[in-house]
>>> print(open('model_36.cif').read())   # mmCIF, C-alpha atoms
data_input
loop_
_atom_site.label_atom_id
_atom_site.label_comp_id
_atom_site.auth_asym_id
_atom_site.auth_seq_id
_atom_site.Cartn_x
_atom_site.Cartn_y
_atom_site.Cartn_z
CA MET A 1 3.96 -7.18 -21.49
CA THR A 2 0.38 -7.05 -20.25
CA THR A 3 -0.82 -5.22 -17.14
CA SER A 4 -3.90 -5.06 -14.96
CA ALA A 5 -4.33 -1.90 -12.88
CA VAL A 6 -6.13 -2.44 -9.56
CA VAL A 7 -7.69 0.63 -7.93
CA VAL A 8 -9.27 0.31 -4.48
CA THR A 9 -11.90 2.97 -3.75
CA PHE A 10 -14.18 4.09 -0.94
CA ASN A 11 -16.37 7.20 -1.24
CA ARG A 12 -13.92 9.40 -3.17
CA LEU A 13 -15.69 9.62 -6.51
CA PRO A 14 -14.16 12.92 -7.79
CA MET A 15 -10.64 11.55 -7.23
CA LEU A 16 -11.56 8.14 -8.60
CA LYS A 17 -12.74 9.72 -11.85
CA GLU A 18 -9.35 11.42 -12.23
CA VAL A 19 -7.47 8.19 -11.55
CA ILE A 20 -9.48 6.19 -14.08
CA ALA A 21 -9.05 8.92 -16.71
CA ALA A 22 -5.28 8.92 -16.12
CA LEU A 23 -5.15 5.15 -16.54
CA GLN A 24 -7.14 5.35 -19.75
CA ASN A 25 -4.72 7.98 -21.07
CA SER A 26 -1.59 5.99 -20.25
CA THR A 27 0.92 6.01 -23.12
CA THR A 28 1.39 2.28 -22.58
CA LYS A 29 -1.98 0.58 -22.67
CA VAL A 30 -3.44 -0.78 -19.44
CA ASP A 31 -4.99 -4.10 -20.47
CA HIS A 32 -7.50 -4.28 -17.61
CA ILE A 33 -8.65 -1.57 -15.19
CA ILE A 34 -10.02 -3.39 -12.14
CA VAL A 35 -11.89 -1.18 -9.64
CA ILE A 36 -12.56 -2.69 -6.21
CA ASP A 37 -15.34 -0.73 -4.53
CA ASN A 38 -15.36 -1.05 -0.74
CA ASN A 39 -19.15 -0.61 -0.55
CA SER A 40 -19.18 3.08 -1.50
CA ARG A 41 -22.26 5.30 -1.75
CA ASP A 42 -24.70 5.12 -4.65
CA ASP A 43 -23.01 7.89 -6.66
CA THR A 44 -19.87 5.75 -7.00
CA VAL A 45 -21.95 2.73 -8.00
CA ALA A 46 -23.81 4.72 -10.65
CA TYR A 47 -20.61 6.14 -12.17
CA LEU A 48 -18.70 2.86 -12.24
CA THR A 49 -21.68 1.02 -13.67
CA SER A 50 -21.98 3.66 -16.40
CA LEU A 51 -18.45 2.85 -17.61
CA GLY A 52 -19.59 -0.59 -18.73
CA SER A 53 -16.84 -2.64 -20.34
CA GLN A 54 -14.24 0.14 -19.95
CA ILE A 55 -13.46 -1.29 -16.51
CA GLU A 56 -13.82 -4.47 -14.47
CA TYR A 57 -16.08 -3.45 -11.58
CA VAL A 58 -16.04 -5.45 -8.33
CA ARG A 59 -18.33 -4.13 -5.61
CA LEU A 60 -17.82 -5.58 -2.13
CA GLY A 61 -20.74 -6.20 0.19
CA GLU A 62 -18.97 -4.42 3.06
CA ASN A 63 -15.99 -2.15 3.61
CA LEU A 64 -13.02 -4.48 4.07
CA GLY A 65 -10.52 -1.64 4.32
CA GLY A 66 -7.63 -1.10 1.96
CA ALA A 67 -6.17 -4.50 2.85
CA GLY A 68 -9.34 -6.37 1.98
CA GLY A 69 -9.76 -4.34 -1.18
CA PHE A 70 -6.27 -5.18 -2.41
CA ASN A 71 -6.75 -8.82 -1.44
CA ARG A 72 -9.82 -8.97 -3.68
CA GLY A 73 -8.12 -7.00 -6.43
CA VAL A 74 -5.04 -9.20 -6.61
CA ARG A 75 -7.25 -12.28 -6.47
CA TYR A 76 -9.30 -10.96 -9.40
CA PHE A 77 -6.11 -10.27 -11.36
CA MET A 78 -4.88 -13.82 -10.77
CA GLU A 79 -8.16 -15.63 -11.35
CA LYS A 80 -9.83 -13.55 -14.08
CA THR A 81 -6.95 -12.33 -16.26
CA ASN A 82 -3.79 -13.70 -17.85
CA ASP A 83 -1.86 -10.43 -17.55
CA GLU A 84 1.81 -10.59 -16.60
CA PHE A 85 1.80 -7.74 -14.08
CA VAL A 86 -0.58 -6.12 -11.61
CA TRP A 87 -0.30 -2.40 -10.90
CA LEU A 88 -1.74 -1.49 -7.49
CA MET A 89 -2.92 1.96 -6.40
CA ASP A 90 -5.31 3.86 -4.16
CA ASP A 91 -8.14 6.01 -5.49
CA ASP A 92 -6.15 9.21 -4.89
CA THR A 93 -3.10 8.04 -6.89
CA VAL A 94 -2.84 9.80 -10.24
CA PRO A 95 -0.27 8.26 -12.61
CA LEU A 96 1.43 10.30 -15.30
CA ALA A 97 1.08 9.31 -18.94
CA ASP A 98 4.53 7.63 -18.92
CA THR A 99 4.39 6.01 -15.44
CA LEU A 100 3.53 2.53 -16.66
CA THR A 101 5.91 2.87 -19.62
CA ASN A 102 8.80 3.50 -17.23
CA LEU A 103 7.80 0.72 -14.83
CA LEU A 104 7.62 -1.82 -17.66
CA LYS A 105 10.88 -0.56 -19.19
CA PHE A 106 12.64 -1.30 -15.91
CA ALA A 107 10.81 -4.63 -15.60
CA ASP A 108 12.07 -5.60 -19.05
CA GLU A 109 15.65 -4.87 -17.99
CA LYS A 110 15.47 -7.10 -14.88
CA ASP A 111 15.46 -10.88 -14.98
CA GLN A 112 13.52 -11.09 -11.76
CA PHE A 113 12.06 -8.75 -9.16
CA GLY A 114 9.56 -8.91 -6.34
CA PHE A 115 8.03 -5.48 -6.81
CA LEU A 116 8.64 -2.10 -8.42
CA ALA A 117 7.68 1.10 -6.58
CA SER A 118 7.04 4.50 -8.14
CA ASP A 119 8.43 7.85 -7.05
CA VAL A 120 5.36 9.19 -5.23
CA ARG A 121 4.97 12.97 -5.16
CA TRP A 122 2.49 15.29 -3.51
CA VAL A 123 0.69 17.98 -5.50
CA ASP A 124 3.52 20.50 -4.92
CA GLY A 125 6.09 18.20 -6.54
CA HIS A 126 7.84 17.15 -3.34
CA ARG A 127 7.90 13.55 -2.13
CA ALA A 128 4.74 12.37 -0.43
CA LYS A 129 5.81 11.83 3.18
CA MET A 130 3.50 8.84 3.60
CA ASN A 131 5.28 7.12 0.72
CA ASN A 132 8.97 7.89 1.15
CA PRO A 133 11.04 5.12 -0.45
CA SER A 134 12.56 2.75 2.09
CA PRO A 135 16.00 1.60 0.86
CA VAL A 136 17.60 -1.62 2.08
CA ASN A 137 20.27 0.57 3.64
CA ARG A 138 18.03 2.32 6.18
CA ALA A 139 20.86 4.64 7.20
CA ARG A 140 20.46 6.68 4.01
CA LYS A 141 17.66 8.64 2.43
CA ILE A 142 17.04 8.61 -1.32
CA PRO A 143 17.36 12.21 -2.56
CA GLU A 144 14.36 13.80 -4.27
CA ASP A 145 16.43 14.44 -7.40
CA SER A 146 17.70 10.85 -7.62
CA THR A 147 17.56 9.24 -11.06
CA THR A 148 19.09 5.91 -10.02
CA PRO A 149 16.92 2.86 -9.24
CA GLU A 150 17.58 1.39 -5.80
CA LYS A 151 16.77 -1.79 -3.93
CA LEU A 152 14.01 -1.32 -1.37
CA LYS A 153 13.17 -3.02 1.89
CA ASN A 154 9.44 -2.40 1.40
CA ALA A 155 6.99 -0.06 -0.32
CA THR A 156 3.36 1.10 -0.28
CA PHE A 157 0.40 0.28 -2.49
CA VAL A 158 0.56 3.78 -3.99
CA SER A 159 1.68 2.68 -7.47
CA LEU A 160 3.27 -0.73 -7.05
CA LEU A 161 3.97 -3.15 -9.93
CA MET A 162 4.19 -6.89 -9.18
CA PRO A 163 4.74 -9.94 -11.42
CA ARG A 164 2.19 -12.73 -11.60
CA GLU A 165 4.74 -15.46 -10.83
CA ILE A 166 5.77 -13.82 -7.55
CA ILE A 167 2.15 -13.56 -6.40
CA ALA A 168 1.57 -17.21 -7.31
CA GLN A 169 4.39 -18.15 -4.92
CA MET A 170 3.65 -15.76 -2.04
CA GLY A 171 -0.12 -15.50 -1.94
CA LEU A 172 -2.44 -12.53 -1.49
CA PRO A 173 -2.46 -9.44 0.74
CA ILE A 174 -3.88 -10.18 4.19
CA THR A 175 -7.49 -9.00 4.48
CA GLU A 176 -7.41 -9.04 8.30
CA PHE A 177 -4.88 -6.19 8.34
CA PHE A 178 -7.84 -3.93 7.36
CA ILE A 179 -5.70 -0.77 7.05
CA TRP A 180 -2.08 0.25 7.52
CA GLY A 181 0.91 -2.00 7.12
CA ASP A 182 -0.70 -4.43 4.68
CA ASP A 183 1.51 -3.08 1.90
CA ILE A 184 4.65 -3.16 4.07
CA GLU A 185 4.01 -6.79 5.00
CA TYR A 186 3.18 -7.72 1.41
CA THR A 187 6.24 -6.12 -0.18
CA GLU A 188 8.54 -7.55 2.49
CA ARG A 189 7.02 -10.97 1.77
CA ALA A 190 7.72 -10.44 -1.93
CA GLY A 191 11.23 -9.21 -1.16
CA ARG A 192 12.07 -12.51 0.47
CA LEU A 193 11.56 -14.11 -2.95
CA ALA A 194 13.17 -11.46 -5.16
CA ALA A 195 14.49 -7.93 -4.67
CA GLY A 196 12.17 -4.94 -4.88
CA TYR A 197 13.21 -1.68 -6.55
CA PHE A 198 12.45 2.02 -6.50
CA VAL A 199 12.00 3.38 -10.05
CA PRO A 200 12.46 7.18 -9.94
CA GLN A 201 11.41 7.70 -13.56
CA ALA A 202 7.95 6.26 -12.79
CA ARG A 203 6.29 9.16 -10.98
CA VAL A 204 2.75 9.44 -9.67
CA ILE A 205 0.90 12.16 -7.76
CA HIS A 206 -0.62 11.16 -4.42
CA LYS A 207 -3.39 13.69 -3.91
CA MET A 208 -3.70 13.54 -0.13
CA LYS A 209 -5.31 16.53 1.61
CA SER A 210 -1.95 17.50 3.13
CA ASN A 211 1.59 16.23 2.86
CA VAL A 212 2.05 14.89 6.36
CA GLY A 213 2.99 11.53 7.76
CA SER A 214 0.95 9.62 10.33
CA ASP A 215 1.75 10.22 14.01
CA VAL A 216 -0.26 8.89 16.93
CA LEU A 217 1.03 11.80 19.05
CA THR A 218 -0.56 14.52 16.94
CA ASP A 219 -3.30 12.96 14.83
CA SER A 220 -6.91 13.96 15.44
CA LEU A 221 -9.07 11.95 17.81
CA ASP A 222 -11.42 10.82 15.04
CA ARG A 223 -8.48 9.08 13.32
CA LEU A 224 -7.09 7.58 16.52
CA PRO A 225 -8.86 4.17 16.30
CA ARG A 226 -6.97 3.27 13.12
CA TYR A 227 -3.68 3.29 15.07
CA PHE A 228 -4.85 0.06 16.69
CA TYR A 229 -4.36 -1.60 13.29
CA SER A 230 -1.05 0.17 12.79
CA TYR A 231 0.52 -1.22 15.96
CA ARG A 232 -1.13 -4.63 15.78
CA ASN A 233 0.09 -5.08 12.22
CA LYS A 234 3.60 -3.80 13.02
CA ILE A 235 3.95 -6.47 15.70
CA TYR A 236 2.92 -9.13 13.18
CA TYR A 237 5.18 -8.21 10.28
CA GLY A 238 8.08 -7.25 12.54
CA ALA A 239 8.11 -10.83 13.81
CA LYS A 240 8.54 -12.08 10.22
CA ARG A 241 11.85 -10.25 9.80
CA SER A 242 15.34 -11.49 10.58
CA LEU A 243 16.35 -11.64 14.25
CA MET A 244 17.98 -8.19 14.11
CA GLY A 245 15.09 -6.79 12.09
CA HIS A 246 12.64 -8.14 14.65
CA ILE A 247 14.62 -6.61 17.51
CA ARG A 248 14.81 -3.23 15.75
CA SER A 249 11.08 -3.31 15.03
CA ASN A 250 10.22 -4.01 18.67
CA LEU A 251 12.62 -1.31 19.81
CA ARG A 252 10.97 1.27 17.55
CA ILE A 253 7.52 0.33 18.83
CA THR A 254 8.76 0.58 22.45
CA LEU A 255 10.24 4.02 21.80
CA GLU A 256 7.00 5.19 20.18
CA PHE A 257 5.04 4.00 23.23
CA LEU A 258 7.45 5.83 25.55
CA ARG A 259 7.06 9.01 23.48
CA VAL A 260 3.31 8.89 23.97
CA LEU A 261 3.80 8.19 27.68
CA PHE A 262 6.36 10.89 28.50
CA LYS A 263 6.51 13.59 25.82
CA PRO A 264 5.26 16.91 27.25
CA GLY A 265 2.19 18.59 25.82
CA VAL A 266 0.44 15.53 24.41
CA ASP A 267 -3.33 16.01 24.46
CA HIS A 268 -5.66 13.10 25.28
CA ARG A 269 -2.63 11.10 26.41
CA LYS A 270 -4.73 8.35 28.02
CA GLU A 271 -6.68 7.66 24.83
CA ARG A 272 -3.51 7.59 22.74
CA LEU A 273 -1.74 5.24 25.14
CA GLN A 274 -4.75 2.96 25.22
CA VAL A 275 -4.95 2.54 21.45
CA VAL A 276 -1.20 1.92 21.12
CA TRP A 277 -1.16 -0.61 23.96
CA SER A 278 -4.25 -2.45 22.72
CA GLY A 279 -2.67 -2.74 19.27
CA ILE A 280 0.57 -4.11 20.71
CA VAL A 281 -1.28 -6.70 22.82
CA ALA A 282 -3.46 -7.77 19.90
CA GLY A 283 -0.41 -8.07 17.64
CA HIS A 284 1.07 -10.86 19.75
CA LYS A 285 -2.12 -12.90 19.23
CA PHE A 286 -2.64 -11.97 15.59
CA LYS A 287 -2.19 -15.05 13.38
CA PRO A 288 -3.90 -14.40 10.03
CA GLU A 289 -3.87 -17.08 7.35
CA ILE A 290 -2.29 -16.24 4.00
CA GLU A 291 -4.63 -16.98 1.11
CA PHE A 292 -3.68 -18.09 -2.39
CA ALA A 293 -5.56 -17.48 -5.62
CA GLU A 294 -6.56 -20.12 -8.10
CA PRO A 295 -4.76 -19.00 -11.29
CA LYS A 296 -6.86 -18.63 -14.41
CA ASP A 297 -6.58 -21.61 -16.76
#
>>> encode(input="model_36.cif", output="structure tokens")
Amino acid sequence: MTTSAVVVTFNRLPMLKEVIAALQNSTTKVDHIIVIDNNSRDDTVAYLTSLGSQIEYVRLGENLGGAGGFNRGVRYFMEKTNDEFVWLMDDDTVPLADTLTNLLKFADEKDQFGFLASDVRWVDGHRAKMNNPSPVNRARKIPEDSTTPEKLKNATFVSLLMPREIIAQMGLPITEFFIWGDDIEYTERAGRLAAGYFVPQARVIHKMKSNVGSDVLTDSLDRLPRYFYSYRNKIYYGAKRSLMGHIRSNLRITLEFLRVLFKPGVDHRKERLQVVWSGIVAGHKFKPEIEFAEPKD
């Protein structure tokens, strides 16, 4: 069972070094380490170049966001390698020595799957709130001490294993998403072909600055523009769900808009409303084309 690891990076060299070292020290060998550089500063270029043949280095001419980086990484995996699986992660995702071993062990036990998601922890050992597993039964929450694999509705690109044959059928991540929701859309697309699973034995550490989720009500103003992509992309992938799923998605977006509009004590309310509304409007016109790779001969 052969695996390419794809790491998307942008100006986080100290963390990137730790991620690459962890991949190189994996108990189960990673056959290709593919680093997609979203046009980082010169220090990242110098370091990655110095690694030579230890990695496959792809430097982009501009920052295409996480979505564009993963699009290019999955394309490289499909067109430049013959590996059976691609293992996707951000540049602040540190796998444990046995993470890949446990993902592949579960993969070997399943006839078919769309994706496998790791148990993503923050540095204190608790679940990373940005990466809580999303079970098919949304009424329940998977306990932190769970040892039982479960079917998922979707997952993030923070340690995600996908089979080559599924990608050949479904295409690549959507570059135009830029950031936020590209992984949700992609795993839900995969899940329509074969079930996705949460693998609790396959842990990684997501070294975010703090263990908080994203919230347009409280986030800092400098991060506010990215919520345009969040709401635009939610409108797009919500429309791809079943009728009831589409209705629930639109209801959640409406309730979030009303929270911004009416909740007391919200600072810079006008700016927050504007970015949410502009994302919603753009989402109804957003019709990106799904690309497919040309598999390696």
>>> residues_around(input="model_36.cif", residues="Ser26 in chain A", least_positions_apart="4", cutoff="7 Å", atoms="all atoms listed in the file", output="JSON, numbers by chain")
{"A": [22, 97, 98]}
>>> resolve_selection(input="model_36.cif", expression="the PyMOL selection byres ((chain A and resi 162) around 6)", output="mmCIF file with C-alpha atoms, in the frame of the given file")
data_model
loop_
_atom_site.group_PDB
_atom_site.id
_atom_site.type_symbol
_atom_site.label_atom_id
_atom_site.label_comp_id
_atom_site.auth_asym_id
_atom_site.auth_seq_id
_atom_site.Cartn_x
_atom_site.Cartn_y
_atom_site.Cartn_z
ATOM 1 C CA PHE A 85 1.800 -7.740 -14.080
ATOM 2 C CA VAL A 86 -0.580 -6.120 -11.610
ATOM 3 C CA PHE A 115 8.030 -5.480 -6.810
ATOM 4 C CA LEU A 161 3.970 -3.150 -9.930
ATOM 5 C CA PRO A 163 4.740 -9.940 -11.420
#
>>> residues_around(input="model_36.cif", residues="range 198-205 of chain A", least_positions_apart="5", cutoff="7 Å", atoms="all atoms listed in the file", output="short mmCIF file (atom, residue, chain, number, x, y, z; two decimals) with C-alpha atoms, in the frame of the given file")
data_model
loop_
_atom_site.label_atom_id
_atom_site.label_comp_id
_atom_site.auth_asym_id
_atom_site.auth_seq_id
_atom_site.Cartn_x
_atom_site.Cartn_y
_atom_site.Cartn_z
CA THR A 93 -3.10 8.04 -6.89
CA VAL A 94 -2.84 9.80 -10.24
CA PRO A 95 -0.27 8.26 -12.61
CA LEU A 96 1.43 10.30 -15.30
CA THR A 99 4.39 6.01 -15.44
CA LEU A 100 3.53 2.53 -16.66
CA ASN A 102 8.80 3.50 -17.23
CA LEU A 103 7.80 0.72 -14.83
CA LEU A 116 8.64 -2.10 -8.42
CA ALA A 117 7.68 1.10 -6.58
CA SER A 118 7.04 4.50 -8.14
CA ASP A 119 8.43 7.85 -7.05
CA VAL A 120 5.36 9.19 -5.23
CA ARG A 121 4.97 12.97 -5.16
CA TRP A 122 2.49 15.29 -3.51
CA VAL A 123 0.69 17.98 -5.50
CA PRO A 133 11.04 5.12 -0.45
CA SER A 146 17.70 10.85 -7.62
CA THR A 147 17.56 9.24 -11.06
CA THR A 148 19.09 5.91 -10.02
CA PRO A 149 16.92 2.86 -9.24
CA GLU A 150 17.58 1.39 -5.80
CA LYS A 151 16.77 -1.79 -3.93
CA LEU A 152 14.01 -1.32 -1.37
#
>>> resolve_selection(input="model_36.cif", expression="the PyMOL selection byres ((chain A and resi 227) around 8)", output="number ranges by chain")
A: 216, 223-226, 228-231, 275-276, 279
>>> write_last_selection(input="model_36.cif", atoms="C-alpha atoms", output="mmCIF file, in the frame of the given file")
data_model
loop_
_atom_site.group_PDB
_atom_site.id
_atom_site.type_symbol
_atom_site.label_atom_id
_atom_site.label_comp_id
_atom_site.auth_asym_id
_atom_site.auth_seq_id
_atom_site.Cartn_x
_atom_site.Cartn_y
_atom_site.Cartn_z
ATOM 1 C CA VAL A 216 -0.260 8.890 16.930
ATOM 2 C CA ARG A 223 -8.480 9.080 13.320
ATOM 3 C CA LEU A 224 -7.090 7.580 16.520
ATOM 4 C CA PRO A 225 -8.860 4.170 16.300
ATOM 5 C CA ARG A 226 -6.970 3.270 13.120
ATOM 6 C CA PHE A 228 -4.850 0.060 16.690
ATOM 7 C CA TYR A 229 -4.360 -1.600 13.290
ATOM 8 C CA SER A 230 -1.050 0.170 12.790
ATOM 9 C CA TYR A 231 0.520 -1.220 15.960
ATOM 10 C CA VAL A 275 -4.950 2.540 21.450
ATOM 11 C CA VAL A 276 -1.200 1.920 21.120
ATOM 12 C CA GLY A 279 -2.670 -2.740 19.270
#
>>> axis_aligned_box(input="model_36.cif", around="range 132-138 of chain A", padding_each_side="6 Å", output="JSON")
{"center_x": 14.6, "center_y": 3.1, "center_z": 2.9, "size_x": 23.3, "size_y": 21.5, "size_z": 18.6}
>>> atom_distance(input="model_36.cif", atom1="CA of Gly245 in chain A", atom2="CA of Ala107 in chain A")
28.1 Å
>>> residues_near_point(input="model_36.cif", point="(-2.6, -11.3, -15.4)", cutoff="10 Å", atoms="all atoms listed in the file", output="VMD selection string")
chain A and resid 1 to 5 31 to 32 74 76 to 86 163 to 165 295 to 296
>>> resolve_selection(input="model_36.cif", expression="the PyMOL selection byres ((chain A and resi 180) around 10)", output="MDAnalysis selection string")
chainID A and resid 65:67 156 177:179 181:185 226:234
>>> write_last_selection(input="model_36.cif", atoms="C-alpha atoms", output="PDB file, keeping the file's coordinate frame")
ATOM      1  CA  GLY A  65     -10.520  -1.640   4.320  1.00  0.00           C
ATOM      2  CA  GLY A  66      -7.630  -1.100   1.960  1.00  0.00           C
ATOM      3  CA  ALA A  67      -6.170  -4.500   2.850  1.00  0.00           C
ATOM      4  CA  THR A 156       3.360   1.100  -0.280  1.00  0.00           C
ATOM      5  CA  PHE A 177      -4.880  -6.190   8.340  1.00  0.00           C
ATOM      6  CA  PHE A 178      -7.840  -3.930   7.360  1.00  0.00           C
ATOM      7  CA  ILE A 179      -5.700  -0.770   7.050  1.00  0.00           C
ATOM      8  CA  GLY A 181       0.910  -2.000   7.120  1.00  0.00           C
ATOM      9  CA  ASP A 182      -0.700  -4.430   4.680  1.00  0.00           C
ATOM     10  CA  ASP A 183       1.510  -3.080   1.900  1.00  0.00           C
ATOM     11  CA  ILE A 184       4.650  -3.160   4.070  1.00  0.00           C
ATOM     12  CA  GLU A 185       4.010  -6.790   5.000  1.00  0.00           C
ATOM     13  CA  ARG A 226      -6.970   3.270  13.120  1.00  0.00           C
ATOM     14  CA  TYR A 227      -3.680   3.290  15.070  1.00  0.00           C
ATOM     15  CA  PHE A 228      -4.850   0.060  16.690  1.00  0.00           C
ATOM     16  CA  TYR A 229      -4.360  -1.600  13.290  1.00  0.00           C
ATOM     17  CA  SER A 230      -1.050   0.170  12.790  1.00  0.00           C
ATOM     18  CA  TYR A 231       0.520  -1.220  15.960  1.00  0.00           C
ATOM     19  CA  ARG A 232      -1.130  -4.630  15.780  1.00  0.00           C
ATOM     20  CA  ASN A 233       0.090  -5.080  12.220  1.00  0.00           C
ATOM     21  CA  LYS A 234       3.600  -3.800  13.020  1.00  0.00           C
TER      22      LYS A 234
END
>>> atom_distance(input="model_36.cif", atom1="CA of Asn137 in chain A", atom2="CA of Arg248 in chain A")
13.8 Å
>>> closest_residue(input="model_36.cif", among="A:Arg272, A:Lys263, A:Arg140, A:Lys207", to="Asp222 in chain A", atoms="all atoms listed in the file")
A:Arg272
>>> closest_residue(input="model_36.cif", among="A:Gln169, A:Ser242, A:Thr27, A:Thr218", to="Glu294 in chain A", atoms="all atoms listed in the file")
A:Gln169
>>> atom_distance(input="model_36.cif", atom1="CA of Ala190 in chain A", atom2="CA of Met15 in chain A")
29.1 Å
>>> closest_residue(input="model_36.cif", among="A:Asp91, A:Ile36, A:Asp219, A:Ile55", to="Gly68 in chain A", atoms="only C-alpha atoms")
A:Ile36
